[in-house]
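So this block is query.cif, mmCIF, N, CA and C atoms and all ligand atoms:
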data_target
loop_
_atom_site.label_atom_id
_atom_site.label_comp_id
_atom_site.auth_asym_id
_atom_site.auth_seq_id
_atom_site.Cartn_x
_atom_site.Cartn_y
_atom_site.Cartn_z
N MET A 9 26.03 235.02 -157.68
CA MET A 9 26.62 235.18 -156.37
C MET A 9 26.24 234.02 -155.49
N ALA A 10 27.17 233.48 -155.06
CA ALA A 10 26.92 232.38 -154.15
C ALA A 10 26.86 232.88 -152.73
N ARG A 11 25.73 232.62 -152.18
CA ARG A 11 25.62 233.04 -150.79
C ARG A 11 25.69 231.80 -149.91
N ARG A 12 26.58 231.90 -149.13
CA ARG A 12 26.69 230.77 -148.22
C ARG A 12 26.15 231.16 -146.85
N SER A 13 25.04 230.63 -146.64
CA SER A 13 24.60 230.84 -145.27
C SER A 13 24.86 229.54 -144.53
N HIS A 14 25.86 229.64 -143.84
CA HIS A 14 26.26 228.43 -143.13
C HIS A 14 25.97 228.61 -141.66
N SER A 15 24.89 228.14 -141.31
CA SER A 15 24.56 228.27 -139.89
C SER A 15 24.67 226.91 -139.24
N ARG A 16 25.40 226.89 -138.27
CA ARG A 16 25.52 225.62 -137.55
C ARG A 16 24.89 225.77 -136.18
N LYS A 17 23.93 224.96 -136.02
CA LYS A 17 23.32 225.00 -134.70
C LYS A 17 24.02 223.96 -133.82
N ARG A 18 24.49 224.50 -132.83
CA ARG A 18 25.15 223.56 -131.93
C ARG A 18 24.34 223.48 -130.63
N SER A 19 23.80 222.38 -130.43
CA SER A 19 23.10 222.23 -129.15
C SER A 19 24.09 221.76 -128.11
N SER A 20 24.20 222.56 -127.16
CA SER A 20 25.15 222.19 -126.10
C SER A 20 24.44 221.29 -125.10
N ASN A 21 24.33 220.11 -125.55
CA ASN A 21 23.67 219.16 -124.66
C ASN A 21 24.72 218.19 -124.12
N SER A 22 25.23 218.55 -123.02
CA SER A 22 26.30 217.71 -122.47
C SER A 22 25.73 216.62 -121.58
N GLY A 23 24.44 216.57 -121.51
CA GLY A 23 23.86 215.51 -120.70
C GLY A 23 23.80 215.89 -119.24
N PRO A 24 23.20 215.05 -118.51
CA PRO A 24 23.11 215.34 -117.08
C PRO A 24 24.47 215.31 -116.41
N ALA A 25 24.59 216.11 -115.43
CA ALA A 25 25.85 216.16 -114.70
C ALA A 25 26.16 214.79 -114.12
N PRO A 26 27.39 214.42 -114.25
CA PRO A 26 27.73 213.08 -113.71
C PRO A 26 27.58 213.05 -112.20
N SER A 27 26.81 212.13 -111.80
CA SER A 27 26.61 212.03 -110.36
C SER A 27 27.40 210.86 -109.82
N LYS A 28 27.94 211.08 -108.68
CA LYS A 28 28.72 210.00 -108.07
C LYS A 28 27.78 209.10 -107.29
N TRP A 29 27.85 207.90 -107.64
CA TRP A 29 27.02 206.93 -106.92
C TRP A 29 27.82 206.40 -105.75
N GLN A 30 27.57 207.06 -104.65
CA GLN A 30 28.33 206.65 -103.48
C GLN A 30 27.47 205.77 -102.60
N LYS A 31 28.11 204.79 -102.11
CA LYS A 31 27.41 203.95 -101.14
C LYS A 31 27.63 204.56 -99.77
N THR A 32 26.53 204.84 -99.15
CA THR A 32 26.66 205.44 -97.83
C THR A 32 27.19 204.39 -96.85
N PRO A 33 28.22 204.77 -96.14
CA PRO A 33 28.76 203.82 -95.16
C PRO A 33 27.80 203.63 -94.00
N GLY A 34 27.87 202.48 -93.45
CA GLY A 34 27.00 202.20 -92.32
C GLY A 34 25.62 201.75 -92.72
N GLY A 35 25.43 201.54 -94.01
CA GLY A 35 24.11 201.10 -94.43
C GLY A 35 23.90 199.61 -94.24
N GLY A 36 24.99 198.92 -94.11
CA GLY A 36 24.87 197.48 -93.95
C GLY A 36 24.34 197.11 -92.59
N ARG A 37 23.71 196.00 -92.53
CA ARG A 37 23.15 195.59 -91.25
C ARG A 37 24.08 194.59 -90.58
N ASP A 38 24.37 194.89 -89.38
CA ASP A 38 25.17 193.97 -88.60
C ASP A 38 24.29 193.42 -87.48
N ILE A 39 23.77 192.26 -87.75
CA ILE A 39 22.80 191.73 -86.78
C ILE A 39 23.48 191.19 -85.54
N SER A 40 24.81 191.12 -85.58
CA SER A 40 25.47 190.56 -84.40
C SER A 40 25.47 191.57 -83.26
N ARG A 41 25.30 192.81 -83.59
CA ARG A 41 25.34 193.80 -82.52
C ARG A 41 24.38 194.93 -82.84
N ILE A 42 23.18 194.78 -82.39
CA ILE A 42 22.21 195.85 -82.54
C ILE A 42 21.93 196.43 -81.16
N LEU A 43 22.42 197.58 -80.94
CA LEU A 43 22.18 198.22 -79.66
C LEU A 43 21.73 199.64 -79.90
N ASP A 44 20.73 200.02 -79.23
CA ASP A 44 20.34 201.41 -79.27
C ASP A 44 21.50 202.24 -78.73
N PRO A 45 21.93 203.23 -79.46
CA PRO A 45 23.05 204.03 -78.95
C PRO A 45 22.71 204.77 -77.68
N ALA A 46 21.49 205.20 -77.58
CA ALA A 46 21.12 205.97 -76.40
C ALA A 46 19.98 205.29 -75.67
N PRO A 47 20.20 204.94 -74.42
CA PRO A 47 19.08 204.38 -73.66
C PRO A 47 18.04 205.43 -73.38
N LYS A 48 16.86 204.93 -73.15
CA LYS A 48 15.74 205.82 -72.87
C LYS A 48 15.74 206.16 -71.38
N VAL A 49 15.44 207.36 -71.06
CA VAL A 49 15.37 207.76 -69.65
C VAL A 49 13.92 207.79 -69.22
N GLU A 50 13.65 207.09 -68.14
CA GLU A 50 12.29 207.10 -67.61
C GLU A 50 12.28 207.75 -66.25
N HIS A 51 11.36 208.63 -66.08
CA HIS A 51 11.24 209.31 -64.80
C HIS A 51 10.13 208.65 -64.00
N ALA A 52 10.50 208.14 -62.87
CA ALA A 52 9.53 207.46 -62.04
C ALA A 52 9.56 208.06 -60.65
N ALA A 53 8.62 207.61 -59.86
CA ALA A 53 8.53 208.14 -58.50
C ALA A 53 9.76 207.78 -57.67
N ASP A 54 10.41 206.70 -58.04
CA ASP A 54 11.59 206.29 -57.27
C ASP A 54 12.88 206.72 -57.96
N GLY A 55 12.81 207.67 -58.83
CA GLY A 55 14.03 208.18 -59.44
C GLY A 55 13.99 208.10 -60.95
N ASP A 56 15.12 208.46 -61.53
CA ASP A 56 15.25 208.40 -62.97
C ASP A 56 16.02 207.15 -63.36
N TRP A 57 15.54 206.51 -64.38
CA TRP A 57 16.13 205.23 -64.78
C TRP A 57 16.49 205.24 -66.25
N PHE A 58 17.63 204.66 -66.52
CA PHE A 58 17.97 204.38 -67.90
C PHE A 58 17.38 203.03 -68.28
N VAL A 59 16.71 203.01 -69.38
CA VAL A 59 16.12 201.76 -69.85
C VAL A 59 16.66 201.47 -71.25
N GLN A 60 17.40 200.40 -71.33
CA GLN A 60 18.02 200.04 -72.61
C GLN A 60 17.37 198.75 -73.12
N TYR A 61 16.87 198.84 -74.29
CA TYR A 61 16.26 197.64 -74.89
C TYR A 61 17.35 196.67 -75.32
N MET A 62 17.20 195.45 -74.91
CA MET A 62 18.16 194.40 -75.26
C MET A 62 17.48 193.44 -76.24
N PRO A 63 17.86 193.53 -77.51
CA PRO A 63 17.22 192.64 -78.48
C PRO A 63 17.65 191.19 -78.29
N ALA A 64 16.85 190.33 -78.83
CA ALA A 64 17.08 188.89 -78.61
C ALA A 64 18.46 188.45 -79.07
N VAL A 65 18.94 189.04 -80.17
CA VAL A 65 20.24 188.59 -80.68
C VAL A 65 21.37 188.95 -79.73
N ASN A 66 21.16 189.95 -78.91
CA ASN A 66 22.21 190.35 -77.98
C ASN A 66 22.08 189.69 -76.62
N ALA A 67 20.97 189.04 -76.40
CA ALA A 67 20.78 188.38 -75.12
C ALA A 67 21.41 186.99 -75.19
N VAL A 68 22.60 186.90 -74.65
CA VAL A 68 23.34 185.65 -74.77
C VAL A 68 23.57 184.98 -73.42
N LYS A 69 23.08 185.59 -72.39
CA LYS A 69 23.27 185.01 -71.07
C LYS A 69 21.93 184.87 -70.37
N THR A 70 21.95 184.12 -69.32
CA THR A 70 20.74 184.01 -68.50
C THR A 70 20.78 185.06 -67.41
N TYR A 71 19.74 185.80 -67.33
CA TYR A 71 19.64 186.83 -66.30
C TYR A 71 18.46 186.53 -65.40
N LYS A 72 18.49 187.16 -64.24
CA LYS A 72 17.39 186.98 -63.31
C LYS A 72 16.64 188.28 -63.17
N CYS A 73 15.38 188.19 -63.43
CA CYS A 73 14.55 189.38 -63.35
C CYS A 73 14.28 189.71 -61.89
N PRO A 74 14.55 190.94 -61.46
CA PRO A 74 14.36 191.30 -60.05
C PRO A 74 12.90 191.38 -59.63
N GLU A 75 12.02 191.46 -60.57
CA GLU A 75 10.61 191.62 -60.24
C GLU A 75 9.95 190.29 -59.95
N CYS A 76 10.14 189.36 -60.85
CA CYS A 76 9.44 188.08 -60.68
C CYS A 76 10.40 186.96 -60.25
N SER A 77 11.68 187.29 -60.12
CA SER A 77 12.70 186.33 -59.69
C SER A 77 12.80 185.13 -60.62
N ARG A 78 12.38 185.29 -61.81
CA ARG A 78 12.52 184.21 -62.78
C ARG A 78 13.65 184.54 -63.74
N ASN A 79 14.14 183.50 -64.36
CA ASN A 79 15.24 183.70 -65.28
C ASN A 79 14.77 184.29 -66.61
N ILE A 80 15.66 185.05 -67.19
CA ILE A 80 15.48 185.49 -68.56
C ILE A 80 16.48 184.69 -69.39
N PRO A 81 16.02 183.69 -70.10
CA PRO A 81 16.96 182.84 -70.82
C PRO A 81 17.57 183.56 -72.01
N PRO A 82 18.71 183.05 -72.51
CA PRO A 82 19.32 183.67 -73.69
C PRO A 82 18.36 183.66 -74.87
N GLY A 83 18.46 184.68 -75.68
CA GLY A 83 17.62 184.76 -76.87
C GLY A 83 16.27 185.39 -76.63
N VAL A 84 16.08 185.92 -75.43
CA VAL A 84 14.81 186.57 -75.13
C VAL A 84 15.08 188.08 -74.97
N ALA A 85 14.39 188.84 -75.78
CA ALA A 85 14.54 190.29 -75.69
C ALA A 85 14.01 190.78 -74.36
N HIS A 86 14.75 191.69 -73.77
CA HIS A 86 14.31 192.20 -72.47
C HIS A 86 14.84 193.63 -72.29
N LEU A 87 14.79 194.11 -71.09
CA LEU A 87 15.25 195.48 -70.81
C LEU A 87 16.39 195.46 -69.82
N VAL A 88 17.33 196.32 -70.04
CA VAL A 88 18.40 196.53 -69.07
C VAL A 88 18.16 197.90 -68.44
N VAL A 89 18.11 197.89 -67.13
CA VAL A 89 17.69 199.10 -66.42
C VAL A 89 18.75 199.44 -65.38
N TRP A 90 19.11 200.70 -65.34
CA TRP A 90 19.98 201.15 -64.26
C TRP A 90 19.60 202.56 -63.87
N GLN A 91 20.06 202.90 -62.67
CA GLN A 91 19.65 204.16 -62.09
C GLN A 91 20.44 205.31 -62.70
N GLU A 92 19.74 206.35 -63.00
CA GLU A 92 20.42 207.49 -63.61
C GLU A 92 21.13 208.32 -62.56
N ASP A 93 20.48 208.48 -61.44
CA ASP A 93 21.07 209.32 -60.38
C ASP A 93 21.59 208.44 -59.25
N HIS A 94 22.51 207.58 -59.61
CA HIS A 94 23.06 206.67 -58.61
C HIS A 94 23.97 207.43 -57.65
N LEU A 95 23.93 206.98 -56.42
CA LEU A 95 24.70 207.64 -55.37
C LEU A 95 26.20 207.64 -55.69
N PHE A 96 26.67 206.58 -56.33
CA PHE A 96 28.10 206.45 -56.57
C PHE A 96 28.48 206.66 -58.03
N GLY A 97 27.62 207.34 -58.72
CA GLY A 97 27.96 207.67 -60.10
C GLY A 97 27.43 206.68 -61.11
N ARG A 98 27.58 207.07 -62.33
CA ARG A 98 26.98 206.28 -63.40
C ARG A 98 27.69 204.95 -63.61
N GLU A 99 29.01 204.95 -63.40
CA GLU A 99 29.73 203.70 -63.61
C GLU A 99 29.21 202.62 -62.67
N ARG A 100 29.05 203.02 -61.45
CA ARG A 100 28.52 202.09 -60.45
C ARG A 100 27.09 201.68 -60.81
N ALA A 101 26.35 202.63 -61.28
CA ALA A 101 24.97 202.34 -61.66
C ALA A 101 24.93 201.29 -62.77
N VAL A 102 25.83 201.45 -63.73
CA VAL A 102 25.86 200.49 -64.84
C VAL A 102 26.29 199.12 -64.33
N GLU A 103 27.22 199.14 -63.36
CA GLU A 103 27.64 197.86 -62.78
C GLU A 103 26.47 197.14 -62.11
N GLU A 104 25.60 197.93 -61.54
CA GLU A 104 24.48 197.33 -60.81
C GLU A 104 23.21 197.27 -61.64
N ARG A 105 23.38 197.32 -62.93
CA ARG A 105 22.20 197.29 -63.79
C ARG A 105 21.48 195.96 -63.65
N ARG A 106 20.20 196.03 -63.84
CA ARG A 106 19.38 194.83 -63.73
C ARG A 106 18.71 194.54 -65.06
N HIS A 107 18.48 193.27 -65.25
CA HIS A 107 17.79 192.83 -66.46
C HIS A 107 16.35 192.47 -66.11
N TRP A 108 15.47 193.07 -66.83
CA TRP A 108 14.04 192.92 -66.53
C TRP A 108 13.33 192.29 -67.72
N HIS A 109 12.31 191.50 -67.40
CA HIS A 109 11.33 191.19 -68.45
C HIS A 109 10.66 192.49 -68.85
N GLN A 110 10.36 192.57 -70.11
CA GLN A 110 9.69 193.79 -70.58
C GLN A 110 8.40 194.06 -69.79
N HIS A 111 7.59 193.03 -69.64
CA HIS A 111 6.31 193.27 -68.99
C HIS A 111 6.47 193.49 -67.49
N CYS A 112 7.52 192.94 -66.93
CA CYS A 112 7.75 193.16 -65.50
C CYS A 112 8.11 194.61 -65.23
N TRP A 113 8.91 195.18 -66.14
CA TRP A 113 9.25 196.59 -65.97
C TRP A 113 8.02 197.46 -66.17
N ASP A 114 7.21 197.08 -67.14
CA ASP A 114 6.02 197.89 -67.42
C ASP A 114 5.04 197.88 -66.25
N THR A 115 5.00 196.77 -65.55
CA THR A 115 4.00 196.64 -64.49
C THR A 115 4.62 196.67 -63.11
N ARG A 116 5.83 197.14 -63.02
CA ARG A 116 6.52 197.08 -61.73
C ARG A 116 5.81 197.99 -60.72
N ARG A 117 6.01 197.62 -59.49
CA ARG A 117 5.42 198.43 -58.43
C ARG A 117 6.52 199.29 -57.83
N ILE A 118 6.20 200.51 -57.62
CA ILE A 118 7.15 201.42 -57.00
C ILE A 118 6.77 201.57 -55.54
N PHE A 119 7.69 201.22 -54.70
CA PHE A 119 7.41 201.33 -53.27
C PHE A 119 7.81 202.70 -52.73
ZN ZN B 201 10.21 189.24 -64.71
#

The structure given in the file should be rewritten as structure tokens.
Amino acid sequence: MARRSHSRKRSSNSGPAPSKWQKTPGGGRDISRILDPAPKVEHAADGDWFVQYMPAVNAVKTYKCPECSRNIPPGVAHLVVWQEDHLFGRERAVEERRHWHQHCWDTRRIF
């Protein structure tokens, strides 16, 4: 008698699930425009201020610092500051924004 024991082991090894290698958009660096999306709000005795960091690559003009009355030449990182609770609204406040040396803003005197 011929006995055929035919057992076939089938390992269902289909391998790891195929993963999609997606490149996340926005991962590239665009050094031409690095701006903090949200300015920082600082609460001071003379009101609330928006403080936006201006990196050196974005500083392309000469500004005058209101604290020391000296110029901020292009290519120098500094701060852009405007009033949060401006009498005529935020648009006006942004129009009247001032460019400060970082250290001038840090050491400014509040009258
Ligand atoms: Zn200054």

Legend entry - Best match for closeness to A:Val59 among A:Asp114, A:His109, A:Pro47, A:Ala101, counting all atoms listed in the file: A:Pro47

Legend entry - Neighbourhood of ligand ZN 201 (chain B) at 6 Å, counting only N, CA and C atoms and all ligand atoms, reported as a list of chain:residue names: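 Based on only N, CA and C atoms and all ligand atoms, ligand ZN 201 (chain B) is surrounded within 6 Å by A:Cys73, A:Pro74, A:Glu75, A:Cys76, A:Ser77, A:Arg78, A:Trp108, A:His109, A:Cys112.
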
Legend entry - Proximity to A:Ala85 - best of A:Met62, A:Lys48, A:Arg98, A:Thr70, only N, CA and C atoms: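 With only N, CA and C atoms as the atom set, the closest residue is A:Met62.
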
Inset, instruction - Select all residues near (19.8, 196.2, -63.8) (cut-off 6 Å, inclusive, file coordinates), counting only N, CA and C atoms, and output them as a list in words. - result: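 In the file's frame, the residues around the point are Val88, Val89, Trp90, Glu104, Arg105, Arg106 and His107 of chain A.
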
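The gap separating atom CA of A:Leu95 from atom CA of A:Ile118 is 18.7 Å, in Å to one decimal.
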
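Reported to one decimal place, the separation of atom N of A:Val65 from atom CA of A:Val49 is 21.8 Å.
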
Legend entry - Long-range neighbours of A:Pro63 as a ChimeraX atom specification, 6.5 Å cut-off, all atoms listed in the file, 5 positions minimum in chain: /A:42,83-86

Legend entry - Separation of atom CA of A:Lys69 from atom N of A:Val102, in Å and rounded to one decimal: 18.2 Å

Legend entry - Residues within 7 Å of A:Asp93, only N, CA and C atoms, excluding chain neighbours under 3 positions, as an MDAnalysis selection string: chainID A and resid 55:58 90 96:98

Around all the atoms of stretch 99-110 of chain A listed in the file, draw an axis-aligned box and extend it by 8 Å on each of the six sides; I want its centre and edge lengths in Å to one decimal, as lines of an AutoDock Vina configuration file.
center_x = 19.1
center_y = 198.1
center_z = -65.5
size_x = 37.3
size_y = 29.8
size_z = 26.1

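Scanning stretch 33-113 of chain A with DSSP on the backbone, the alpha helix (DSSP H) assignments fall on Gly97, Arg98, Glu99, Arg100, Ala101, Val102, Glu103, Gln110, His111, Cys112 and Trp113 of chain A.
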